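Some notes on the structure that comes next.
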Amino acid sequence: MQNLPYWRLSGFYFFYFAFVGAMAPFWGLYLKSLEFNAFQIGVLMSLLQVMRIFAPNIWSWIADRHGKRVLIVQIAAMASMASYIGVFFGTSFLWLFIVMSLMSFFWSASLPLVEATTLSHLGKKTDQYGKIRLWGSIGFILAVVGLGYLLDFMPIRFLLWAILGMMAGLVLFSRYIPEAQMIAHETDHLSVWHIIKKPEVFILIAACFLMAAAHGPYYTFYSIYLVDNGYSKSSVGWLWALGVICEIAVFIWMPKLFRIFTLQQILLFSFAMAVLRFLLIAWGVKWLGVILFAQILHAASFGSYHASAVALIHHHFKGKHQSKGQGIYNSVAFGAGGTLGGLYSGYSWDSLGPNVTFTIASGFAFLAMVLLIWKVGLNDKQVA
């Protein structure tokens, strides 16, 4: 732990999630200012997830094959920033579709490789992951709160320059992350599909897919939903920040939680709280107290969920399969699941309304919870 490159890894997480803190709450507002309809906004926002279906697996396979995770992170960071610059040169739907597709293809390569690198540096101290990852949450908070205030009196186009600055920070810190040694494991000779086909792994990935789909309306339309119901942009920023502040608290407490509860128990609780959270957002948006409580539940619907899911993936995918494991998790959950979430929310927002859309989101979280309960039941029968 003494040789852990704590600040270099933390700095990367900081700028990576500062970018998310700018895109997730406010990019939809920028697209709305261009007079795109809800379905077009849903399609463009979903591109961030669509590329996560394919790109992480491609980049992770190359990284595990050649043992050059950090080099690929550096290339991807520079290429994603170069692609993003295209947003300054056009505002048509087709042009932004092309620019966001290219940017997302390279941007989505970074996180699973950095996750694998961080966990490799931690070695057996994986319970300390949250203390590094929390800096990503801090970056998210500063971005979402700062931009929330700035966009109350500055034109929405200022967002484009703010995001460019965050991507420049990402490029800078990617240059200073040291490569981590890949430790050989007895399963290295097996195909990665041998691991995926294990019932406990397959069900875990499927539940994560459903959880990501549940968050589709939140990441695509939550800010628009709040603004349409009378909340100021600065209030929107603080509401996003509140959720992530609670997420940071969970990351700090994760070592203790890991000692008290199993990872499966933490996941099950997280799914249950996501069900409640999206129902509260669906039907309680008019009451600030309800929305405040719903944001506190972000600690479970993302914080404890993500930390335990990453730890479980790291547990199942070892040795030369570490990057591929994190890539598969990102591809299937955030990629495929996030894409489904963005698309169904874009369709249902206009046709069924925001209340029903967030209720559907709650239903996806409920299905994830049922799937995990079924998996635990199967394990109990096998033990019996």
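Here's how to read the names in the structure tokens: chain A, B, ... by the order shown, residue numbers from 1 in each chain, ligand numbers from 1 in the order shown.
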
Which of region 155-384 of chain A fall in helix (DSSP H, G or I), as an MDAnalysis selection string: chainID A and resid 158:174 192:196 199:214 216:228 233:260 263:283 288:296 298:316 319:351 354:383

Residue neighbourhood Gly130 (chain A), 9 Å, only C-alpha atoms, exclusion window fewer than 6 positions, as a ChimeraX atom specification: /A:248,250-255,307

Go ahead and dump the residues you just picked, N, CA, C and O atoms, as a short mmCIF file (atom, residue, chain, number, x, y, z; two decimals), in the first residue's frame.
```
data_model
loop_
_atom_site.label_atom_id
_atom_site.label_comp_id
_atom_site.auth_asym_id
_atom_site.auth_seq_id
_atom_site.Cartn_x
_atom_site.Cartn_y
_atom_site.Cartn_z
N ILE A 248 -20.32 9.25 -1.55
CA ILE A 248 -18.97 9.35 -0.98
C ILE A 248 -18.95 8.73 0.42
O ILE A 248 -18.01 7.99 0.78
N VAL A 250 -20.75 6.37 1.55
CA VAL A 250 -20.77 4.91 1.41
C VAL A 250 -19.39 4.39 1.02
O VAL A 250 -18.92 3.37 1.56
N PHE A 251 -18.71 5.07 0.09
CA PHE A 251 -17.37 4.62 -0.30
C PHE A 251 -16.41 4.62 0.89
O PHE A 251 -15.55 3.75 1.01
N ILE A 252 -16.56 5.60 1.79
CA ILE A 252 -15.70 5.65 2.98
C ILE A 252 -16.03 4.50 3.93
O ILE A 252 -15.14 3.90 4.54
N TRP A 253 -17.32 4.17 4.02
CA TRP A 253 -17.74 3.11 4.94
C TRP A 253 -17.62 1.70 4.35
O TRP A 253 -17.81 0.72 5.07
N MET A 254 -17.32 1.58 3.07
CA MET A 254 -17.33 0.27 2.43
C MET A 254 -16.45 -0.77 3.12
O MET A 254 -16.88 -1.93 3.27
N PRO A 255 -15.21 -0.44 3.58
CA PRO A 255 -14.42 -1.48 4.26
C PRO A 255 -15.16 -2.09 5.46
O PRO A 255 -15.12 -3.31 5.66
N ALA A 307 -19.78 -0.36 -5.84
CA ALA A 307 -18.61 -0.85 -5.12
C ALA A 307 -18.66 -2.37 -4.96
O ALA A 307 -17.64 -3.07 -5.16
#
```

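Here CA of Ala116 (chain A) is placed at a distance of 25.3 Å from CA of Ala143 (chain A).
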
Option closest in space to Phe15 (chain A), from A:Val145, A:Leu172, A:Ile260, A:Leu297 [counting only C-alpha atoms]: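 Looking at the shortest contact to Phe15 (chain A), the residue is A:Leu172.
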
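Using only C-alpha atoms for every distance, the candidate list A:Phe93, A:Trp238, A:Trp107, A:Trp135 yields A:Trp135 as the residue closest to Ala18 (chain A).
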
Spatial neighbours of Ser301 (chain A), 9 Å, only C-alpha atoms, chain gap at least 5 places, as an MDAnalysis selection string: chainID A and resid 211 215 269:275 277 306

So that I have them on file, write out the residues from the current selection with C-alpha atoms, as a short mmCIF file (atom, residue, chain, number, x, y, z; two decimals), in the first residue's frame.
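Result went into part07.cif, see below:
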```cif
data_model
loop_
_atom_site.label_atom_id
_atom_site.label_comp_id
_atom_site.auth_asym_id
_atom_site.auth_seq_id
_atom_site.Cartn_x
_atom_site.Cartn_y
_atom_site.Cartn_z
CA MET A 211 -29.97 -1.95 -12.71
CA HIS A 215 -31.18 4.42 -14.27
CA PHE A 269 -30.28 -3.96 -0.37
CA SER A 270 -29.10 -1.62 -3.14
CA PHE A 271 -31.66 -3.02 -5.59
CA ALA A 272 -34.48 -2.66 -3.05
CA MET A 273 -33.57 0.98 -2.37
CA ALA A 274 -33.47 1.68 -6.13
CA VAL A 275 -37.06 0.40 -6.42
CA ARG A 277 -36.08 5.71 -5.06
CA HIS A 306 -21.25 -0.16 -7.79
#
```

A:Met51, A:Cys246, A:Ile177, A:Met100 ranked by distance to Lys68 (chain A), top pick (using only C-alpha atoms):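 Looking only at the distances to Lys68 (chain A), the closest residue turns out to be A:Ile177.
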
Point-to-point distance from CA of Val192 (chain A) to CA of Ile132 (chain A), Å rounded to tenths: 27.6 Å

Neighbour list for region 31-33 of chain A as a list in words, cut-off 9 Å, only C-alpha atoms, skip fewer than 3 positions in-chain: Phe26, Trp27, Gly28, Phe36, Asn37, Ala38, Gln40, Ile41, Leu44, Thr91, Ile156 and Ile224 of chain A

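If you look at CA of Gly136 (chain A) and CA of Ile281 (chain A), they are 24.6 Å away from each other.
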
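Minimum atom-to-atom distance to Phe140 (chain A), evaluated using only C-alpha atoms, belongs to A:Ala22 out of A:Ala22, A:Ile196, A:Ala213, A:Leu29.
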
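In terms of minimum interatomic distance to Phe39 (chain A), A:Phe221 ranks closest within A:Phe334, A:Trp374, A:Tyr231, A:Phe221, counting only C-alpha atoms.
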